[in-house]
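This is input.txt. It holds compact mmCIF, C-alpha atoms.
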# COMPACT_ATOMS: atom_id res chain seq x y z
CA MET A 3 -13.55 -24.64 -24.54
CA LEU A 4 -16.20 -21.96 -24.58
CA ASN A 5 -19.74 -23.24 -24.32
CA PRO A 6 -21.33 -22.03 -27.60
CA ASP A 7 -24.81 -22.08 -26.04
CA LEU A 8 -23.83 -19.08 -23.93
CA VAL A 9 -23.02 -16.81 -26.86
CA GLY A 10 -25.57 -14.00 -26.94
CA ARG A 11 -26.81 -14.55 -23.39
CA THR A 12 -26.54 -11.68 -20.93
CA PHE A 13 -25.59 -12.19 -17.30
CA THR A 14 -26.31 -9.41 -14.81
CA SER A 15 -24.60 -9.10 -11.46
CA ALA A 16 -26.94 -9.30 -8.49
CA ASP A 17 -24.71 -7.07 -6.40
CA SER A 18 -23.86 -3.47 -7.20
CA VAL A 19 -20.64 -1.51 -6.97
CA THR A 20 -20.73 1.88 -5.27
CA VAL A 21 -18.12 4.14 -6.82
CA THR A 22 -16.09 6.00 -4.21
CA GLU A 23 -14.13 9.22 -4.51
CA GLU A 24 -11.09 7.26 -3.28
CA ALA A 25 -11.39 4.72 -6.12
CA ILE A 26 -11.59 7.50 -8.73
CA GLN A 27 -8.69 9.38 -7.17
CA LYS A 28 -6.51 6.26 -6.94
CA PHE A 29 -7.11 5.46 -10.63
CA ALA A 30 -6.70 9.08 -11.72
CA GLU A 31 -3.43 9.57 -9.84
CA VAL A 32 -1.80 6.62 -11.63
CA ILE A 33 -2.23 8.39 -14.95
CA GLY A 34 -1.41 11.87 -13.64
CA GLU A 35 -4.99 13.14 -13.73
CA ASN A 36 -5.77 15.86 -11.17
CA ASN A 37 -9.50 16.05 -11.84
CA PHE A 38 -11.28 13.69 -9.43
CA GLU A 39 -14.77 15.12 -10.09
CA VAL A 40 -15.38 12.53 -12.80
CA ALA A 41 -13.74 9.18 -13.49
CA PRO A 42 -11.12 8.97 -16.25
CA PRO A 43 -12.36 7.50 -19.58
CA THR A 44 -11.09 3.94 -18.97
CA PHE A 45 -12.06 3.75 -15.26
CA ALA A 46 -14.98 1.42 -16.10
CA VAL A 47 -12.60 -1.53 -16.56
CA SER A 48 -11.70 -1.41 -12.88
CA ILE A 49 -15.28 -2.63 -12.36
CA THR A 50 -16.01 -4.63 -15.51
CA LEU A 51 -12.85 -6.76 -15.56
CA GLU A 52 -13.56 -8.49 -12.27
CA LYS A 53 -17.34 -8.50 -12.68
CA SER A 54 -17.29 -10.00 -16.18
CA GLN A 55 -14.90 -12.76 -15.06
CA THR A 56 -17.32 -13.67 -12.27
CA LEU A 57 -20.43 -13.39 -14.46
CA LEU A 58 -18.90 -15.53 -17.21
CA GLN A 59 -17.09 -18.00 -14.94
CA ASP A 60 -19.27 -20.91 -16.07
CA SER A 61 -18.84 -20.11 -19.77
CA GLY A 62 -15.84 -22.38 -20.23
CA LEU A 63 -13.61 -19.39 -20.99
CA ASP A 64 -10.10 -20.15 -19.71
CA TRP A 65 -9.16 -16.78 -18.21
CA THR A 66 -5.61 -17.93 -17.50
CA ARG A 67 -4.96 -18.19 -21.26
CA VAL A 68 -6.59 -14.91 -22.21
CA VAL A 69 -4.71 -12.15 -24.01
CA HIS A 70 -6.46 -8.80 -24.36
CA GLY A 71 -6.76 -8.05 -28.09
CA ASP A 72 -8.62 -4.78 -28.17
CA GLN A 73 -10.88 -2.57 -26.12
CA ARG A 74 -13.65 -0.10 -26.85
CA PHE A 75 -15.70 2.25 -24.67
CA GLU A 76 -18.91 4.14 -25.30
CA ILE A 77 -19.43 6.59 -22.46
CA LYS A 78 -22.97 7.98 -22.15
CA ARG A 79 -21.94 10.08 -19.17
CA PRO A 80 -18.85 10.01 -16.98
CA ILE A 81 -18.85 7.82 -13.89
CA VAL A 82 -18.88 9.90 -10.69
CA ALA A 83 -18.46 9.16 -7.00
CA GLY A 84 -21.70 7.88 -5.50
CA ASP A 85 -22.78 6.00 -8.63
CA ILE A 86 -24.30 2.64 -7.77
CA LEU A 87 -23.55 0.48 -10.79
CA HIS A 88 -24.69 -2.94 -11.96
CA CYS A 89 -22.65 -4.84 -14.52
CA SER A 90 -24.19 -6.90 -17.34
CA SER A 91 -21.90 -9.04 -19.47
CA THR A 92 -22.59 -10.75 -22.78
CA ILE A 93 -20.40 -12.88 -25.01
CA GLU A 94 -21.42 -11.19 -28.27
CA SER A 95 -19.43 -13.48 -30.55
CA ALA A 96 -16.92 -16.29 -30.52
CA ARG A 97 -14.90 -17.65 -33.41
CA ASN A 98 -11.92 -19.89 -33.85
CA VAL A 99 -8.91 -18.60 -35.76
CA ALA A 100 -5.93 -20.92 -36.20
CA GLY A 101 -6.80 -22.79 -33.00
CA ASN A 102 -7.18 -19.62 -30.94
CA GLU A 103 -10.62 -18.68 -29.70
CA ILE A 104 -11.50 -15.03 -30.31
CA VAL A 105 -14.25 -13.90 -28.00
CA LEU A 106 -15.98 -10.52 -27.92
CA VAL A 107 -17.29 -9.66 -24.46
CA ARG A 108 -19.56 -6.69 -23.93
CA SER A 109 -20.01 -5.35 -20.42
CA ASP A 110 -22.47 -2.58 -19.64
CA LEU A 111 -22.55 -0.54 -16.46
CA ASN A 112 -26.01 0.67 -15.52
CA SER A 113 -27.26 2.94 -12.77
CA GLY A 114 -30.85 1.80 -12.28
CA SER A 115 -32.24 1.78 -15.83
CA GLU A 116 -29.71 4.34 -17.10
CA LEU A 117 -26.88 2.98 -19.23
CA ILE A 118 -23.69 4.77 -18.18
CA VAL A 119 -20.85 3.02 -20.04
CA SER A 120 -20.63 0.16 -22.54
CA THR A 121 -17.33 -1.66 -22.93
CA TRP A 122 -16.27 -4.23 -25.51
CA SER A 123 -13.21 -6.43 -24.98
CA THR A 124 -11.83 -8.75 -27.61
CA LEU A 125 -10.17 -11.62 -25.80
CA VAL A 126 -7.88 -14.08 -27.52
CA VAL A 127 -7.79 -17.44 -25.76
CA ARG A 128 -4.48 -18.99 -26.79
CA ALA A 129 -4.60 -22.61 -27.89
CA MET B 24 -9.69 24.16 -27.48
CA GLN B 25 -10.38 25.07 -31.11
CA LEU B 26 -9.83 21.97 -33.26
CA LYS B 27 -9.73 21.73 -37.03
CA LYS B 28 -9.90 18.67 -39.26
CA GLY B 29 -6.40 17.58 -40.17
CA GLN B 30 -4.81 19.35 -37.19
CA GLU B 31 -1.80 17.61 -35.64
CA LEU B 32 -1.75 17.64 -31.84
CA ALA B 33 1.49 17.98 -29.89
CA PRO B 34 3.03 14.76 -28.53
CA LYS B 35 3.17 14.05 -24.80
CA THR B 36 5.53 11.67 -23.06
CA PHE B 37 4.37 9.41 -20.23
CA THR B 38 6.78 7.46 -18.07
CA ILE B 39 6.05 3.79 -17.34
CA ASN B 40 8.06 1.86 -14.75
CA ARG B 41 7.55 -1.09 -12.38
CA LYS B 42 6.25 1.22 -9.65
CA LEU B 43 3.54 2.52 -11.99
CA LEU B 44 2.55 -1.04 -12.93
CA ILE B 45 1.99 -1.87 -9.26
CA ALA B 46 0.04 1.35 -8.75
CA TYR B 47 -2.13 0.54 -11.79
CA ALA B 48 -2.65 -3.05 -10.63
CA ASN B 49 -3.87 -1.76 -7.27
CA ALA B 50 -6.09 0.94 -8.79
CA SER B 51 -7.63 -1.28 -11.46
CA GLY B 52 -7.75 -4.63 -9.66
CA ASP B 53 -5.79 -6.33 -12.46
CA GLN B 54 -3.18 -8.26 -10.45
CA ASN B 55 -2.08 -10.56 -13.30
CA PRO B 56 1.52 -11.51 -12.36
CA ILE B 57 2.80 -10.93 -15.93
CA HIS B 58 2.65 -7.23 -15.02
CA GLN B 59 4.67 -7.53 -11.78
CA ASN B 60 6.67 -10.73 -11.56
CA GLU B 61 9.64 -11.10 -13.89
CA ALA B 62 10.12 -14.83 -13.30
CA PHE B 63 6.45 -15.49 -13.96
CA ALA B 64 6.41 -13.34 -17.11
CA LYS B 65 9.42 -15.20 -18.49
CA SER B 66 7.87 -18.57 -17.59
CA VAL B 67 4.98 -17.82 -19.97
CA GLY B 68 7.29 -16.81 -22.80
CA LEU B 69 7.41 -13.05 -22.37
CA PRO B 70 10.75 -11.22 -22.62
CA ASP B 71 10.18 -9.51 -19.25
CA VAL B 72 7.39 -7.90 -17.24
CA ILE B 73 4.96 -6.12 -19.57
CA ALA B 74 2.64 -3.19 -18.88
CA HIS B 75 -1.10 -3.76 -18.70
CA GLY B 76 -2.52 -2.95 -22.15
CA MET B 77 -5.21 -1.07 -20.25
CA LEU B 78 -2.56 1.08 -18.53
CA THR B 79 -1.21 2.14 -21.93
CA MET B 80 -4.77 2.83 -23.00
CA ALA B 81 -5.50 4.74 -19.76
CA LEU B 82 -2.50 7.00 -20.50
CA ALA B 83 -3.74 7.51 -24.06
CA GLY B 84 -7.09 8.36 -22.42
CA LYS B 85 -5.29 11.00 -20.33
CA TYR B 86 -4.03 12.51 -23.57
CA LEU B 87 -7.67 12.82 -24.71
CA SER B 88 -8.73 14.20 -21.30
CA ASP B 89 -6.03 16.87 -21.59
CA ILE B 90 -7.71 18.04 -24.81
CA SER B 91 -11.36 17.95 -23.77
CA GLY B 92 -11.62 17.10 -20.07
CA SER B 93 -12.45 13.55 -18.97
CA GLN B 94 -16.17 14.37 -18.88
CA ASN B 95 -16.16 15.02 -22.65
CA VAL B 96 -14.56 11.78 -23.82
CA ILE B 97 -17.49 9.81 -25.23
CA GLU B 98 -15.86 7.05 -27.29
CA PHE B 99 -12.45 5.46 -27.08
CA SER B 100 -10.99 2.34 -28.66
CA ALA B 101 -7.64 0.69 -29.35
CA LYS B 102 -6.00 -2.58 -30.29
CA PHE B 103 -3.11 -3.94 -28.26
CA ILE B 104 -0.63 -4.75 -30.99
CA LYS B 105 2.74 -4.85 -29.19
CA PRO B 106 3.55 -5.32 -25.51
CA VAL B 107 5.22 -2.50 -23.58
CA VAL B 108 8.17 -4.30 -21.97
CA VAL B 109 9.17 -2.80 -18.61
CA PRO B 110 12.56 -4.01 -17.29
CA ALA B 111 13.46 -3.55 -13.61
CA ASP B 112 14.77 -0.11 -12.55
CA THR B 113 13.98 1.34 -15.98
CA ASP B 114 11.77 4.23 -17.05
CA VAL B 115 10.08 3.43 -20.34
CA SER B 116 8.80 6.39 -22.36
CA LEU B 117 5.38 6.15 -23.96
CA VAL B 118 4.90 8.93 -26.51
CA ILE B 119 1.32 9.75 -27.47
CA SER B 120 0.41 12.08 -30.28
CA GLY B 121 -2.85 12.81 -32.02
CA LYS B 122 -4.47 14.04 -35.17
CA VAL B 123 -7.96 15.47 -35.62
CA THR B 124 -9.56 13.36 -38.35
CA ASP B 125 -13.01 14.93 -38.28
CA VAL B 126 -15.00 17.70 -36.63
CA VAL B 127 -18.76 17.22 -36.89
CA SER B 128 -21.83 18.36 -34.92
CA GLY B 129 -20.04 19.39 -31.76
CA THR B 130 -17.65 16.45 -31.65
CA ALA B 131 -14.12 15.78 -32.85
CA LYS B 132 -12.56 12.48 -33.81
CA ILE B 133 -8.97 12.09 -32.71
CA GLU B 134 -6.66 9.44 -34.06
CA LEU B 135 -3.90 8.56 -31.60
CA LEU B 136 -0.41 7.24 -32.11
CA ALA B 137 1.24 5.46 -29.15
CA MET B 138 4.96 4.75 -29.52
CA CYS B 139 7.43 3.00 -27.22
CA ASN B 140 11.09 2.77 -28.28
CA GLU B 141 10.08 3.62 -31.87
CA VAL B 142 7.52 0.78 -31.89
CA LYS B 143 3.79 1.38 -32.29
CA VAL B 144 2.11 -0.29 -29.31
CA LEU B 145 -1.56 0.59 -29.89
CA GLY B 146 -3.30 0.04 -33.20
CA MET B 147 -6.37 1.85 -34.50
CA ALA B 148 -6.38 4.02 -31.38
CA LYS B 149 -9.06 6.66 -31.62
CA GLY B 150 -11.38 8.71 -29.51
CA VAL B 151 -14.41 10.93 -29.91
CA ILE B 152 -14.63 14.03 -27.74
CA LYS B 153 -17.39 16.58 -27.23
CA LEU B 154 -16.28 20.09 -28.02
For this file, write the structure as structure tokens.
Amino acid sequence: MLNPDLVGRTFTSADSVTVTEEAIQKFAEVIGENNFEVAPPTFAVSITLEKSQTLLQDSGLDWTRVVHGDQRFEIKRPIVAGDILHCSSTIESARNVAGNEIVLVRSDLNSGSELIVSTWSTLVVRA
Amino acid sequence: MQLKKGQELAPKTFTINRKLLIAYANASGDQNPIHQNEAFAKSVGLPDVIAHGMLTMALAGKYLSDISGSQNVIEFSAKFIKPVVVPADTDVSLVISGKVTDVVSGTAKIELLAMCNEVKVLGMAKGVIKL
């Protein structure tokens, strides 16, 4: 079960991720994108998925039972090669519907004090 | 591209197969076996291997990028309402189409429809692009 005391608390990764041209190109090529100058719109998840799982590992969230319900991005500026990004993750809300836990996780990617991308993932933890 | 409110945008077909799922897993870091291993997928009650919801969304994102360029996509959201089932040795067609629902202060809102085998796989899919 999710620890309710953690709802609303933000966890920030101590280590950063340096975005490489190779990482952008690899992601872009999967979807048939030829422009490698900027990252595709959903590239942020290739960083936030793993980071948020690590940041929220003590939350009691059972990641093995998680189904992705929905996803939202707000992109302040596109991610580019050379960006050094820190991830901050927050469980914004958690509610129980018919035995399933529905958890809204926000993860922000920042470069220094500049917010680059905010992502929101609704996760359904199956009973 | 000149966009007008109410304008319908031409559909595009994307091909999803097992090879693409592995490529996406490697590019995104999402190595969940339900997207690669048939026996595992079936053991957790799925009909077969399913595509990453985020792969379907990434392809819908490509549809938006084709309109505005990736650098001009500023908001994007979708619900994962039906899994995209990807049997072995099969190309599954994902058809994305769009409609301009609003054009305001240098931005356009695009509502997206994502269909696989006549089934809607993304719900409430929409993006905002800078014009």
Would you kindly report the residues of chain B within 6 Å of chain A, using only C-alpha atoms, as a list in words? Ala50, Ser51, Ala81, Leu82, Ser93, Gln94, Ile97, Glu98, Phe99, Ser100, Ala101, Lys102 and Phe103 of chain B
With all atoms listed in the file as the counted atoms, please give the residues lying no more than 12 Å from Val107 of chain B, apart from itself and same-chain residues fewer than 2 positions off, as number ranges by chain. B: 38-41, 44, 57-58, 69-80, 103-105, 109-110, 114-118, 137-145
For Val67 of chain B, which residue out of A:Arg108, A:Arg67, A:Lys53, A:Arg11 is the nearest one, using only C-alpha atoms?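 Checking each of A:Arg108, A:Arg67, A:Lys53, A:Arg11 against Val67 of chain B, counting only C-alpha atoms, the winner is A:Arg67.
Residue nearest Asn112 of chain A, chosen from A:Leu63, A:Ala83, A:Val126, A:Val19 and counting only C-alpha atoms: A:Val19.
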Separation of atom CA of Gly150 of chain B and atom CA of Pro106 of chain B, in Å?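 Here the two named atoms are 20.9 Å from each other.
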Mind giving me the straight-line distance from atom CA of Ala131 of chain B to atom CA of Leu26 of chain B in Å, one decimal? 7.5 Å
Have a look at atom CA of Asp110 of chain A and atom CA of His88 of chain A and let me know their distance in Å, one decimal.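 For atom CA of Asp110 of chain A relative to atom CA of His88 of chain A, the distance reads 8.0 Å.
With only C-alpha atoms as the atoms that count, the residue of A:Asn98, A:Ser115, A:Ser61, A:Thr56 with the shortest distance to Ala16 of chain A is A:Thr56.
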Nearest residue to Ser120 of chain B out of B:Ile90, B:Leu32, B:Leu43, B:Ala62, using only C-alpha atoms?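 Of B:Ile90, B:Leu32, B:Leu43, B:Ala62, the one nearest Ser120 of chain B, counting only C-alpha atoms, is B:Leu32.
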Go through A:Leu57, A:Val9, A:Leu87, A:Val21 and flag the residue nearest Leu106 of chain A, using all atoms listed in the file for the distances.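 So, comparing all the options, the nearest one is A:Val9.
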Gly62 of chain A surroundings by all atoms listed in the file, 8 Å radius, close-in-sequence under 3 positions cut, as a PyMOL selection string: chain A and resi 3-5+59
With C-alpha atoms retained, could you export that selection as a short mmCIF file (atom, residue, chain, number, x, y, z; two decimals), in the coordinates of the input?
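Full text of out_17.cif as output:
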data_model
loop_
_atom_site.label_atom_id
_atom_site.label_comp_id
_atom_site.auth_asym_id
_atom_site.auth_seq_id
_atom_site.Cartn_x
_atom_site.Cartn_y
_atom_site.Cartn_z
CA MET A 3 -13.55 -24.64 -24.54
CA LEU A 4 -16.20 -21.96 -24.58
CA ASN A 5 -19.74 -23.24 -24.32
CA GLN A 59 -17.09 -18.00 -14.94
#
Fewer than 6 positions away in the same chain doesn't count, so skip those; otherwise give me all residues within 12 Å of segment 121-127 of chain B, counting only C-alpha atoms, as an MDAnalysis selection string. chainID B and resid 25:35 83:84 86:87 89:90 133:138 147:154
Listed atoms of segment 118-137 of chain B, axis-aligned box, 5 Å per side: centre and edge lengths to one decimal in Å, as lines of an AutoDock Vina configuration file?
center_x = -8.5
center_y = 12.4
center_z = -32.4
size_x = 36.7
size_y = 23.9
size_z = 21.8
Have a look at A:Leu8, A:Ala100, A:Ile86, A:Val107 and name the one nearest to Leu125 of chain A; count only C-alpha atoms.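 Closest to Leu125 of chain A of all the choices is A:Val107.
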